[in-house]
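Source file model_34.cif; content: mmCIF, C-alpha atoms (C1' of nucleotides).
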data_structure
loop_
_atom_site.label_atom_id
_atom_site.label_comp_id
_atom_site.auth_asym_id
_atom_site.auth_seq_id
_atom_site.Cartn_x
_atom_site.Cartn_y
_atom_site.Cartn_z
CA MET A 1 -6.80 -28.47 -36.31
CA ASN A 2 -6.10 -28.23 -32.66
CA GLU A 3 -4.22 -25.24 -31.30
CA GLY A 4 -1.02 -25.54 -33.22
CA GLY A 5 -0.93 -29.23 -32.59
CA SER A 6 1.62 -29.01 -29.77
CA GLY A 7 -0.11 -31.55 -27.54
CA ARG A 8 -3.25 -32.64 -25.80
CA ALA A 9 -2.57 -31.42 -22.28
CA ALA A 10 -4.61 -28.21 -22.52
CA PRO A 11 -8.33 -28.94 -23.02
CA ARG A 12 -8.55 -25.85 -25.26
CA LYS A 13 -10.28 -22.82 -23.87
CA ARG A 14 -13.48 -21.32 -25.07
CA ALA A 15 -13.32 -18.78 -27.88
CA ASP A 16 -14.40 -15.83 -25.73
CA ALA A 17 -11.81 -16.74 -23.13
CA ARG A 18 -9.05 -16.69 -25.71
CA ARG A 19 -10.26 -13.38 -27.05
CA ASN A 20 -10.33 -11.85 -23.58
CA GLU A 21 -6.84 -13.06 -22.80
CA ARG A 22 -5.47 -11.21 -25.81
CA THR A 23 -7.54 -8.13 -25.02
CA LEU A 24 -6.28 -8.19 -21.45
CA LEU A 25 -2.64 -8.45 -22.46
CA ASP A 26 -3.03 -5.53 -24.84
CA ALA A 27 -4.91 -3.46 -22.29
CA ALA A 28 -2.37 -4.22 -19.57
CA ALA A 29 0.51 -3.30 -21.84
CA ALA A 30 -1.14 0.00 -22.69
CA VAL A 31 -1.99 0.84 -19.08
CA PHE A 32 1.49 -0.12 -17.90
CA VAL A 33 2.98 2.32 -20.38
CA THR A 34 0.90 5.25 -19.22
CA SER A 35 0.38 4.51 -15.52
CA GLY A 36 3.22 2.17 -14.70
CA VAL A 37 3.34 -1.47 -13.78
CA GLU A 38 1.64 -0.84 -10.46
CA ALA A 39 -1.48 0.57 -12.03
CA PRO A 40 -4.67 -0.53 -10.26
CA VAL A 41 -6.09 -3.81 -11.50
CA ARG A 42 -9.39 -2.05 -11.98
CA ASP A 43 -7.78 0.29 -14.50
CA VAL A 44 -6.60 -2.62 -16.60
CA ALA A 45 -10.03 -4.22 -16.39
CA ALA A 46 -11.75 -0.99 -17.40
CA ARG A 47 -9.37 -0.47 -20.30
CA ALA A 48 -10.05 -3.99 -21.52
CA GLY A 49 -13.77 -3.59 -20.97
CA VAL A 50 -13.99 -6.63 -18.71
CA GLY A 51 -14.68 -7.23 -15.04
CA VAL A 52 -11.85 -7.53 -12.55
CA ALA A 53 -12.55 -11.17 -11.91
CA THR A 54 -11.74 -11.92 -15.53
CA ILE A 55 -8.19 -10.75 -14.95
CA TYR A 56 -7.76 -13.04 -11.97
CA ARG A 57 -9.29 -15.90 -13.90
CA HIS A 58 -6.65 -15.61 -16.60
CA PHE A 59 -3.78 -14.47 -14.42
CA PRO A 60 -3.99 -15.83 -10.88
CA THR A 61 -1.99 -12.89 -9.56
CA ARG A 62 -0.84 -9.48 -10.71
CA ALA A 63 2.61 -10.93 -11.08
CA ASP A 64 1.43 -13.42 -13.70
CA LEU A 65 -0.12 -10.63 -15.73
CA ILE A 66 3.11 -8.65 -15.63
CA ILE A 67 5.12 -11.71 -16.59
CA ALA A 68 2.81 -12.38 -19.52
CA VAL A 69 3.10 -8.80 -20.74
CA TYR A 70 6.87 -8.73 -20.68
CA ARG A 71 7.69 -12.36 -21.38
CA HIS A 72 8.79 -11.72 -24.95
CA GLN A 73 11.25 -9.03 -23.96
CA VAL A 74 12.67 -11.02 -21.09
CA GLU A 75 13.20 -13.99 -23.37
CA ALA A 76 14.88 -11.79 -25.93
CA CYS A 77 17.18 -10.40 -23.28
CA ALA A 78 18.11 -13.85 -22.03
CA GLU A 79 18.79 -15.06 -25.54
CA ALA A 80 20.95 -12.07 -26.31
CA ALA A 81 23.60 -13.23 -23.86
CA PRO A 82 25.08 -16.09 -25.90
CA THR A 83 24.69 -14.04 -29.07
CA LEU A 84 26.70 -11.18 -27.65
CA LEU A 85 29.33 -13.56 -26.33
CA ALA A 86 29.74 -15.06 -29.79
CA SER A 87 29.78 -11.69 -31.50
CA GLY A 88 33.51 -11.29 -31.34
CA ALA A 89 33.83 -8.62 -28.69
CA THR A 90 35.65 -9.31 -25.46
CA PRO A 91 33.59 -11.01 -22.77
CA HIS A 92 33.69 -7.85 -20.67
CA ALA A 93 32.37 -5.79 -23.55
CA ALA A 94 29.65 -8.37 -24.15
CA LEU A 95 28.75 -8.23 -20.48
CA GLY A 96 28.55 -4.46 -20.62
CA ARG A 97 26.28 -4.53 -23.64
CA TRP A 98 24.06 -7.18 -22.16
CA ILE A 99 23.69 -5.24 -18.93
CA ASN A 100 22.78 -2.22 -21.02
CA LEU A 101 20.02 -4.21 -22.67
CA PHE A 102 18.70 -5.20 -19.28
CA VAL A 103 18.90 -1.67 -17.91
CA ASP A 104 17.18 -0.22 -20.96
CA PHE A 105 14.43 -2.75 -20.58
CA LEU A 106 13.91 -1.89 -16.93
CA VAL A 107 14.08 1.89 -17.06
CA THR A 108 11.59 2.07 -19.89
CA LYS A 109 8.97 0.13 -17.89
CA HIS A 110 7.65 2.48 -15.25
CA GLY A 111 7.85 0.86 -11.87
CA LEU A 112 8.97 -2.55 -13.07
CA ALA A 113 12.30 -2.37 -11.29
CA ALA A 114 10.55 -1.48 -8.05
CA VAL A 115 8.16 -4.38 -8.39
CA LEU A 116 11.02 -6.69 -9.25
CA ARG A 117 12.51 -5.84 -5.91
CA SER A 118 9.33 -5.82 -3.85
CA ASP A 119 9.30 -8.40 -1.09
CA ASP A 120 5.55 -8.71 -1.32
CA ALA A 121 4.73 -12.41 -1.39
CA GLY A 122 2.39 -11.84 -4.31
CA PHE A 123 5.36 -11.15 -6.55
CA ASP A 124 7.26 -14.32 -5.81
CA THR A 125 6.45 -15.83 -9.19
CA LEU A 126 7.63 -12.64 -10.86
CA HIS A 127 10.94 -12.74 -9.02
CA ALA A 128 11.35 -16.39 -9.77
CA TYR A 129 10.68 -15.92 -13.46
CA PHE A 130 13.08 -13.05 -13.94
CA LEU A 131 15.80 -14.72 -11.92
CA ASP A 132 15.37 -18.13 -13.52
CA ARG A 133 15.59 -16.62 -16.95
CA LEU A 134 18.21 -13.92 -16.53
CA VAL A 135 20.60 -15.11 -13.84
CA PRO A 136 21.94 -18.01 -15.95
CA ALA A 137 22.40 -15.67 -18.90
CA CYS A 138 24.30 -13.26 -16.73
CA ALA A 139 26.32 -16.04 -15.15
CA GLN A 140 27.44 -17.20 -18.58
CA LEU A 141 28.80 -13.76 -19.36
CA LEU A 142 30.42 -13.36 -15.96
CA GLU A 143 32.15 -16.70 -16.24
CA ALA A 144 33.51 -15.89 -19.66
CA ALA A 145 34.79 -12.52 -18.50
CA ALA A 146 36.30 -14.03 -15.38
CA ALA A 147 37.93 -16.78 -17.39
CA ALA A 148 39.43 -14.14 -19.65
CA GLY A 149 40.86 -12.46 -16.57
CA GLU A 150 38.96 -9.24 -17.22
CA ILE A 151 36.93 -9.08 -14.02
CA ARG A 152 37.15 -10.28 -10.47
CA PRO A 153 36.32 -13.98 -10.36
CA ASP A 154 34.16 -13.79 -7.26
CA VAL A 155 31.14 -11.94 -8.61
CA ASP A 156 27.84 -13.71 -8.19
CA ALA A 157 25.36 -13.38 -11.04
CA TYR A 158 22.36 -13.30 -8.74
CA GLU A 159 23.83 -10.55 -6.66
CA LEU A 160 24.83 -8.52 -9.68
CA MET A 161 21.39 -8.81 -11.26
CA ARG A 162 19.77 -7.74 -8.04
CA GLY A 163 22.15 -4.83 -7.73
CA VAL A 164 21.59 -3.66 -11.28
CA GLY A 165 17.85 -4.03 -10.87
CA ASN A 166 17.98 -1.99 -7.69
CA LEU A 167 19.96 0.76 -9.36
CA CYS A 168 17.20 1.04 -11.95
CA ILE A 169 14.49 1.72 -9.40
CA GLY A 170 13.03 5.16 -9.81
CA ALA A 171 15.18 5.88 -12.83
CA ASP A 172 12.17 7.22 -14.63
CA ASN A 173 10.62 10.46 -13.35
CA ASP A 174 13.86 11.77 -11.86
CA PRO A 175 16.02 13.73 -14.26
CA ARG A 176 18.78 14.04 -11.68
CA TYR A 177 19.20 10.27 -11.45
CA ASP A 178 20.80 8.37 -14.30
CA ALA A 179 20.68 4.66 -13.64
CA ARG A 180 22.69 3.83 -16.74
CA ARG A 181 25.59 5.87 -15.47
CA LEU A 182 25.62 4.25 -12.05
CA VAL A 183 25.37 0.79 -13.54
CA GLU A 184 28.34 1.63 -15.70
CA LEU A 185 30.26 2.61 -12.60
CA LEU A 186 29.27 -0.64 -10.94
CA ILE A 187 30.41 -2.68 -13.94
CA ALA A 188 33.61 -0.65 -14.01
CA GLY A 189 34.09 -1.67 -10.39
CA LEU A 190 34.10 -5.32 -11.46
CA ARG A 191 37.27 -4.94 -13.49
CA LEU A 192 40.51 -6.33 -12.29
CA PRO A 193 43.26 -3.76 -12.30
CA HIS A 194 45.01 -4.95 -15.43
CA ARG A 195 48.72 -4.91 -14.92
CA MET B 1 11.68 27.85 33.71
CA ASN B 2 10.30 27.30 30.30
CA GLU B 3 11.32 24.30 28.24
CA GLY B 4 15.06 24.71 28.19
CA GLY B 5 14.66 28.43 27.73
CA SER B 6 15.42 28.36 24.03
CA GLY B 7 12.62 30.73 23.10
CA ARG B 8 8.97 31.58 23.28
CA ALA B 9 7.82 30.38 19.85
CA ALA B 10 6.26 27.12 21.05
CA PRO B 11 3.27 27.70 23.37
CA ARG B 12 4.30 24.62 25.35
CA LYS B 13 2.23 21.51 24.91
CA ARG B 14 0.17 19.86 27.54
CA ALA B 15 1.82 17.29 29.76
CA ASP B 16 -0.13 14.33 28.41
CA ALA B 17 0.73 15.37 24.87
CA ARG B 18 4.43 15.41 25.67
CA ARG B 19 4.16 12.03 27.35
CA ASN B 20 2.37 10.55 24.37
CA GLU B 21 4.91 11.89 21.94
CA ARG B 22 7.69 10.08 23.78
CA THR B 23 5.59 6.94 24.08
CA LEU B 24 4.85 7.06 20.37
CA LEU B 25 8.47 7.46 19.40
CA ASP B 26 9.45 4.52 21.57
CA ALA B 27 6.59 2.39 20.27
CA ALA B 28 7.37 3.27 16.66
CA ALA B 29 11.03 2.45 17.12
CA ALA B 30 10.14 -0.92 18.63
CA VAL B 31 7.60 -1.77 15.93
CA PHE B 32 9.97 -0.67 13.16
CA VAL B 33 12.59 -3.05 14.49
CA THR B 34 10.30 -6.05 14.48
CA SER B 35 7.95 -5.33 11.58
CA GLY B 36 9.90 -2.88 9.49
CA VAL B 37 9.42 0.76 8.71
CA GLU B 38 6.28 0.07 6.70
CA ALA B 39 4.42 -1.45 9.60
CA PRO B 40 0.74 -0.43 9.70
CA VAL B 41 0.07 2.78 11.60
CA ARG B 42 -2.47 0.89 13.66
CA ASP B 43 0.26 -1.40 14.93
CA VAL B 44 2.26 1.52 16.24
CA ALA B 45 -0.85 3.00 17.83
CA ALA B 46 -1.73 -0.30 19.48
CA ARG B 47 1.82 -0.76 20.76
CA ALA B 48 1.75 2.73 22.24
CA GLY B 49 -1.72 2.18 23.66
CA VAL B 50 -3.17 5.20 21.90
CA GLY B 51 -5.65 5.83 19.10
CA VAL B 52 -4.49 6.26 15.53
CA ALA B 53 -5.51 9.90 15.46
CA THR B 54 -3.00 10.61 18.19
CA ILE B 55 -0.21 9.59 15.86
CA TYR B 56 -1.41 11.95 13.16
CA ARG B 57 -1.80 14.74 15.68
CA HIS B 58 1.86 14.51 16.65
CA PHE B 59 3.25 13.50 13.27
CA PRO B 60 1.23 14.87 10.35
CA THR B 61 2.30 11.99 8.13
CA ARG B 62 3.99 8.61 8.42
CA ALA B 63 7.09 10.19 7.00
CA ASP B 64 7.35 12.63 9.89
CA LEU B 65 7.16 9.78 12.36
CA ILE B 66 9.93 7.92 10.58
CA ILE B 67 12.04 11.07 10.45
CA ALA B 68 11.55 11.64 14.15
CA VAL B 69 12.53 8.07 14.99
CA TYR B 70 15.74 8.15 12.99
CA ARG B 71 16.67 11.84 13.23
CA HIS B 72 19.47 11.27 15.72
CA GLN B 73 21.18 8.67 13.58
CA VAL B 74 20.86 10.70 10.41
CA GLU B 75 22.36 13.71 12.15
CA ALA B 76 25.21 11.59 13.46
CA CYS B 77 25.87 10.27 9.97
CA ALA B 78 25.90 13.75 8.47
CA GLU B 79 28.25 15.01 11.15
CA ALA B 80 30.60 12.11 10.67
CA ALA B 81 31.59 13.37 7.21
CA PRO B 82 33.79 16.29 8.26
CA THR B 83 35.15 14.25 11.15
CA LEU B 84 36.27 11.47 8.84
CA LEU B 85 37.77 13.97 6.42
CA ALA B 86 39.81 15.49 9.19
CA SER B 87 40.84 12.13 10.59
CA GLY B 88 43.99 11.92 8.55
CA ALA B 89 43.03 9.22 6.06
CA THR B 90 42.91 9.98 2.35
CA PRO B 91 39.68 11.56 1.12
CA HIS B 92 38.84 8.41 -0.79
CA ALA B 93 39.25 6.30 2.34
CA ALA B 94 37.12 8.77 4.28
CA LEU B 95 34.46 8.57 1.58
CA GLY B 96 34.53 4.79 1.76
CA ARG B 97 34.11 4.79 5.52
CA TRP B 98 31.35 7.34 5.43
CA ILE B 99 29.46 5.36 2.81
CA ASN B 100 29.85 2.33 5.02
CA LEU B 101 28.25 4.21 7.90
CA PHE B 102 25.34 5.12 5.68
CA VAL B 103 24.94 1.59 4.35
CA ASP B 104 25.10 0.08 7.82
CA PHE B 105 22.42 2.49 8.94
CA LEU B 106 20.15 1.60 6.04
CA VAL B 107 20.50 -2.16 6.02
CA THR B 108 19.77 -2.42 9.72
CA LYS B 109 16.44 -0.59 9.37
CA HIS B 110 14.03 -2.99 7.73
CA GLY B 111 12.42 -1.40 4.75
CA LEU B 112 13.87 2.06 5.27
CA ALA B 113 15.85 1.99 2.04
CA ALA B 114 12.72 1.03 0.14
CA VAL B 115 10.72 3.84 1.67
CA LEU B 116 13.54 6.26 0.98
CA ARG B 117 13.15 5.41 -2.66
CA SER B 118 9.37 5.30 -2.79
CA ASP B 119 7.84 7.87 -5.11
CA ASP B 120 4.72 8.03 -3.00
CA ALA B 121 3.90 11.69 -2.46
CA GLY B 122 3.40 11.02 1.24
CA PHE B 123 7.12 10.47 1.67
CA ASP B 124 8.26 13.73 0.13
CA THR B 125 9.25 15.22 3.46
CA LEU B 126 11.23 12.08 4.24
CA HIS B 127 13.14 12.29 0.96
CA ALA B 128 13.73 15.98 1.47
CA TYR B 129 15.06 15.49 4.96
CA PHE B 130 17.47 12.71 4.10
CA LEU B 131 18.72 14.49 1.01
CA ASP B 132 19.04 17.89 2.64
CA ARG B 133 21.03 16.40 5.44
CA LEU B 134 23.17 13.81 3.71
CA VAL B 135 23.80 15.07 0.19
CA PRO B 136 25.91 18.03 1.35
CA ALA B 137 27.91 15.73 3.62
CA CYS B 138 28.53 13.37 0.72
CA ALA B 139 29.34 16.23 -1.61
CA GLN B 140 32.02 17.47 0.76
CA LEU B 141 33.72 14.07 0.70
CA LEU B 142 33.37 13.74 -3.07
CA GLU B 143 34.88 17.15 -3.66
CA ALA B 144 37.83 16.41 -1.44
CA ALA B 145 38.45 13.09 -3.14
CA ALA B 146 38.09 14.64 -6.58
CA ALA B 147 40.43 17.48 -5.66
CA ALA B 148 42.98 14.91 -4.53
CA GLY B 149 42.69 13.26 -7.93
CA GLU B 150 41.52 9.99 -6.43
CA ILE B 151 38.15 9.72 -8.13
CA ARG B 152 36.46 10.92 -11.29
CA PRO B 153 35.56 14.56 -10.90
CA ASP B 154 32.12 14.27 -12.44
CA VAL B 155 30.30 12.31 -9.78
CA ASP B 156 27.17 13.92 -8.43
CA ALA B 157 26.50 13.50 -4.70
CA TYR B 158 22.76 13.29 -5.14
CA GLU B 159 23.07 10.58 -7.73
CA LEU B 160 25.54 8.63 -5.67
CA MET B 161 23.39 8.78 -2.55
CA ARG B 162 20.41 7.60 -4.51
CA GLY B 163 22.41 4.81 -6.02
CA VAL B 164 23.78 3.64 -2.70
CA GLY B 165 20.34 3.85 -1.14
CA ASN B 166 18.92 1.80 -3.97
CA LEU B 167 21.58 -0.84 -3.57
CA CYS B 168 20.53 -1.22 0.06
CA ILE B 169 16.92 -2.03 -0.77
CA GLY B 170 16.02 -5.52 0.31
CA ALA B 171 19.45 -6.10 1.78
CA ASP B 172 17.83 -7.56 4.86
CA ASN B 173 15.98 -10.85 4.51
CA ASP B 174 18.08 -12.04 1.58
CA PRO B 175 21.24 -13.90 2.53
CA ARG B 176 22.30 -14.13 -1.10
CA TYR B 177 22.39 -10.38 -1.49
CA ASP B 178 25.16 -8.37 0.16
CA ALA B 179 24.55 -4.67 -0.33
CA ARG B 180 27.84 -3.73 1.32
CA ARG B 181 29.76 -5.66 -1.26
CA LEU B 182 27.97 -4.08 -4.21
CA VAL B 183 28.36 -0.63 -2.76
CA GLU B 184 32.07 -1.31 -2.44
CA LEU B 185 32.16 -2.25 -6.10
CA LEU B 186 30.33 0.94 -6.98
CA ILE B 187 32.76 3.05 -4.96
CA ALA B 188 35.63 1.18 -6.56
CA GLY B 189 34.15 2.16 -9.92
CA LEU B 190 34.56 5.82 -8.95
CA ARG B 191 38.34 5.60 -8.82
CA LEU B 192 40.43 7.11 -11.51
CA PRO B 193 42.87 4.61 -12.97
CA HIS B 194 45.93 5.88 -11.20
CA ARG B 195 48.83 5.96 -13.58
"C1'" DT C 1 -11.46 22.54 45.77
"C1'" DT C 2 -14.22 22.94 42.09
"C1'" DA C 3 -15.66 24.64 37.60
"C1'" DC C 4 -14.76 25.66 33.00
"C1'" DG C 5 -12.60 26.39 28.51
"C1'" DA C 6 -8.97 24.79 25.74
"C1'" DT C 7 -6.34 20.96 24.34
"C1'" DA C 8 -5.79 16.26 23.24
"C1'" DA C 9 -7.51 11.55 22.83
"C1'" DG C 10 -10.10 7.60 20.85
"C1'" DG C 11 -12.31 5.12 17.67
"C1'" DA C 12 -15.60 5.04 14.05
"C1'" DA C 13 -15.89 6.44 9.26
"C1'" DC C 14 -14.11 7.30 4.60
"C1'" DG C 15 -11.52 6.24 0.40
"C1'" DG C 16 -8.67 3.46 -2.35
"C1'" DG C 17 -6.75 -0.93 -3.80
"C1'" DG C 18 -6.18 -6.10 -4.16
"C1'" DT C 19 -8.80 -10.34 -4.20
"C1'" DT C 20 -12.93 -13.38 -3.99
"C1'" DC C 21 -17.83 -14.79 -4.44
"C1'" DC C 22 -22.03 -15.51 -6.66
"C1'" DG C 23 -25.79 -14.79 -9.75
"C1'" DT C 24 -25.96 -14.19 -14.84
"C1'" DT C 25 -24.53 -14.68 -19.62
"C1'" DT C 26 -22.21 -17.01 -23.34
"C1'" DT C 27 -20.46 -20.95 -25.66
"C1'" DG C 28 -20.45 -25.26 -28.03
"C1'" DG C 29 -21.56 -30.11 -28.36
"C1'" DC C 30 -25.80 -32.86 -28.86
"C1'" DG D 1 -32.82 -25.43 -30.27
"C1'" DC D 2 -31.29 -27.24 -25.58
"C1'" DC D 3 -28.56 -27.57 -21.74
"C1'" DA D 4 -24.51 -28.23 -18.88
"C1'" DA D 5 -20.16 -26.35 -18.44
"C1'" DA D 6 -17.29 -22.43 -18.86
"C1'" DA D 7 -16.61 -17.73 -18.42
"C1'" DC D 8 -18.23 -13.17 -17.14
"C1'" DG D 9 -19.25 -8.84 -14.38
"C1'" DG D 10 -19.36 -6.32 -10.62
"C1'" DA D 11 -20.62 -6.18 -5.91
"C1'" DA D 12 -18.55 -7.65 -1.60
"C1'" DC D 13 -14.75 -8.28 1.52
"C1'" DC D 14 -10.53 -7.14 3.78
"C1'" DC D 15 -6.47 -4.27 4.75
"C1'" DC D 16 -4.50 0.14 5.26
"C1'" DG D 17 -3.72 5.23 5.48
"C1'" DT D 18 -6.06 9.27 6.81
"C1'" DT D 19 -9.82 12.27 8.63
"C1'" DC D 20 -13.85 13.53 11.51
"C1'" DC D 21 -16.51 13.98 15.43
"C1'" DT D 22 -17.52 13.05 20.10
"C1'" DT D 23 -15.63 12.42 24.61
"C1'" DA D 24 -12.11 12.80 28.21
"C1'" DT D 25 -8.31 15.23 30.28
"C1'" DC D 26 -5.55 19.05 31.65
"C1'" DG D 27 -4.47 23.35 33.81
"C1'" DT D 28 -5.96 27.47 35.58
"C1'" DA D 29 -8.57 30.76 38.04
"C1'" DA D 30 -12.18 31.63 41.33
#
Translate the structure of the given file into structure tokens.
Amino acid sequence: MNEGGSGRAAPRKRADARRNERTLLDAAAAVFVTSGVEAPVRDVAARAGVGVATIYRHFPTRADLIIAVYRHQVEACAEAAPTLLASGATPHAALGRWINLFVDFLVTKHGLAAVLRSDDAGFDTLHAYFLDRLVPACAQLLEAAAAAGEIRPDVDAYELMRGVGNLCIGADNDPRYDARRLVELLIAGLRLPHR
Amino acid sequence: MNEGGSGRAAPRKRADARRNERTLLDAAAAVFVTSGVEAPVRDVAARAGVGVATIYRHFPTRADLIIAVYRHQVEACAEAAPTLLASGATPHAALGRWINLFVDFLVTKHGLAAVLRSDDAGFDTLHAYFLDRLVPACAQLLEAAAAAGEIRPDVDAYELMRGVGNLCIGADNDPRYDARRLVELLIAGLRLPHR
DNA sequence: TTACGATAAGGAACGGGGTTCCGTTTTGGC
DNA sequence: GCCAAAACGGAACCCCGTTCCTTATCGTAA
């Protein structure tokens, strides 16, 4: 009875280490909800009842902790793309719904959009993960919509994802700013004038 | 012969203080160009050959220094709005050109867009200044374009400025990301389907 | 020209945050 | 139960914005 029997590569961690990893993920998730993604590392450590070094032992950088916390949701978002495409709606409608999923994800995570856009070297792995996972999903939708003649054919998935992410920055804590609305306008701007 | 004879409110600063203020503005401008707007205060002080406290004496917060450095260009941008409106083009074309001015300003100032969007309390005066100055200019263009039936009538100037500013974040140092293009798409999304 | 008070300067000091180091504790195979 | 390896905790370090306190400079008036 190894760990799920998936392989022998990982030498299996000690029991306390596994326990702490879970505890840390839960603590981080809780702190991120109340204080935002950029909450001090010390806060997460305190909430988990561990020392700061324990965080860095499990997650080499802040970015890795954030990735671990949100991995499930990012995966779900990526996997939603083909599902939406196959759901019968037009490709443009599927694109719109998928973008909405992404926007909802971002605006409900305080500060995540800002971190996603940070050019701090420490967040490179975070950028890479999000882009690797989501850009292909977005590209699939864009290609389908372009092939159907619904949108301009020259829209780059990377650029669009970056733009949408940027529009979501600061969408929390500012009642006068509605990121969803602006993203809708941006997506509307993609449409070809149908004639 | 007072200082320009505008009034007696300011007790006139000492000569060295005036000299240092100029020196600081020049140094800050130079440092911002090479290291970005978020360059360490100490770098600006070193470049100007003064102590850090001197910066804070002249500019109570980082934000005030940034405002002072870019004040001229922000004013010019704000004043361009009525000029463009009166220039004979359609209101929507004037809006497009004005937005381009704003975007060009932002993307050529490393990190300024990011700071403009920061929710750090220290940058409140910076936000207030930019918004106070530019939102009315933008609103004037939006109203004209809406009145001409060229764009949707329910677009808020504040929201649009925030959105455009957000789209400009990180536009430098990423050749795959073209903020101008995305902003164009966003502006295109404002148009009413003309029928 | 010099002396003196007000103004401004300089740099050390403080506080906060990310990251690392090292002595100590816990675990798990023998 | 013993011991080496693994993991832990928190102090330590570094960077950065901001403030404080001492020193230097300016400008004026004798």
Q: Please provide the set of residues having any atom within 12 Å of DG29 of chain C, restricted to all atoms listed in the file, with same-chain residues fewer than 3 positions apart removed, written as a PyMOL selection string.
A: chain D and resi 2-5
Q: Evaluate the PyMOL selection byres ((chain B) within 6 of (chain A)) here and jot the selected residues down as a list of chain:residue names.
A: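 Selected by the PyMOL selection byres ((chain B) within 6 of (chain A)) in this file: B:Glu159, B:Gly163, B:Asn166, B:Leu167, B:Tyr177, B:Leu185, B:Leu186, B:Ala188, B:Gly189.
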(Q) Evaluate the PyMOL selection byres ((chain B) within 12 of (chain C)) against this structure - the residues, as number ranges by chain, please. (A) B: 11-21, 42, 45-46, 49-58
Q) Got a sec to pull out which chain D residues are within 9 Å of chain B, counting all atoms listed in the file, and send them as number ranges by chain? A) D: 16-19, 25-27
Q: Write out as a PyMOL selection string the residues lying within 10 Å of Asp154 of chain A, counting all atoms listed in the file and excluding same-chain residues fewer than 2 positions away.
A: chain A and resi 142-143+146+151-152+156-157+190
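Our summary of the geometry notes that atom CA of Phe130 of chain A is positioned 8.2 Å from atom CA of Leu116 of chain A.
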Q | Distance in Å - atom CA of Val135 of chain B versus atom CA of Val115 of chain A | A | 26.4 Å
**Q.** Atom pair atom CA of Asp104 of chain A / atom CA of Leu84 of chain A: separation (Å)
**A.**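 The value is 16.0 Å.
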Once 5 Å is added on each side, what centre and edge lengths in Å to one decimal does the axis-aligned box around all listed atoms of segment 154-172 of chain A have, as AutoDock Vina command-line options?
--center_x 23.2 --center_y -3.3 --center_z -10.6 --size_x 32.0 --size_y 31.0 --size_z 18.0
Q: Would you mind telling me which residue in B:Leu192, B:Ile66, B:Ala86, B:Leu25 lies nearest to His127 of chain B when using all atoms listed in the file?
A: B:Ile66
Check which residues satisfy the PyMOL selection byres ((chain A and resi 63) around 8) in the file shown, then give them as a compact mmCIF listing (two decimals) with C-alpha atoms, in the frame of the given file.
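Generated output (expr_7.txt):
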# COMPACT_ATOMS: atom_id res chain seq x y z
CA THR A 61 -1.99 -12.89 -9.56
CA ARG A 62 -0.84 -9.48 -10.71
CA ASP A 64 1.43 -13.42 -13.70
CA LEU A 65 -0.12 -10.63 -15.73
CA ILE A 66 3.11 -8.65 -15.63
CA ILE A 67 5.12 -11.71 -16.59
CA GLY A 122 2.39 -11.84 -4.31
CA PHE A 123 5.36 -11.15 -6.55
CA ASP A 124 7.26 -14.32 -5.81
CA THR A 125 6.45 -15.83 -9.19
CA LEU A 126 7.63 -12.64 -10.86
Please provide as a compact mmCIF listing (two decimals) with C-alpha atoms, in the frame of the given file all residues within 12 Å of Ser35 of chain B, with the sequence filter that same-chain residues fewer than 6 positions apart are discarded (counting all atoms listed in the file).
# COMPACT_ATOMS: atom_id res chain seq x y z
CA ALA B 27 6.59 2.39 20.27
CA ALA B 28 7.37 3.27 16.66
CA ALA B 29 11.03 2.45 17.12
CA VAL B 41 0.07 2.78 11.60
CA ASP B 43 0.26 -1.40 14.93
CA VAL B 44 2.26 1.52 16.24
CA ARG B 47 1.82 -0.76 20.76
CA LYS B 109 16.44 -0.59 9.37
CA HIS B 110 14.03 -2.99 7.73
CA GLY B 111 12.42 -1.40 4.75
CA LEU B 112 13.87 2.06 5.27
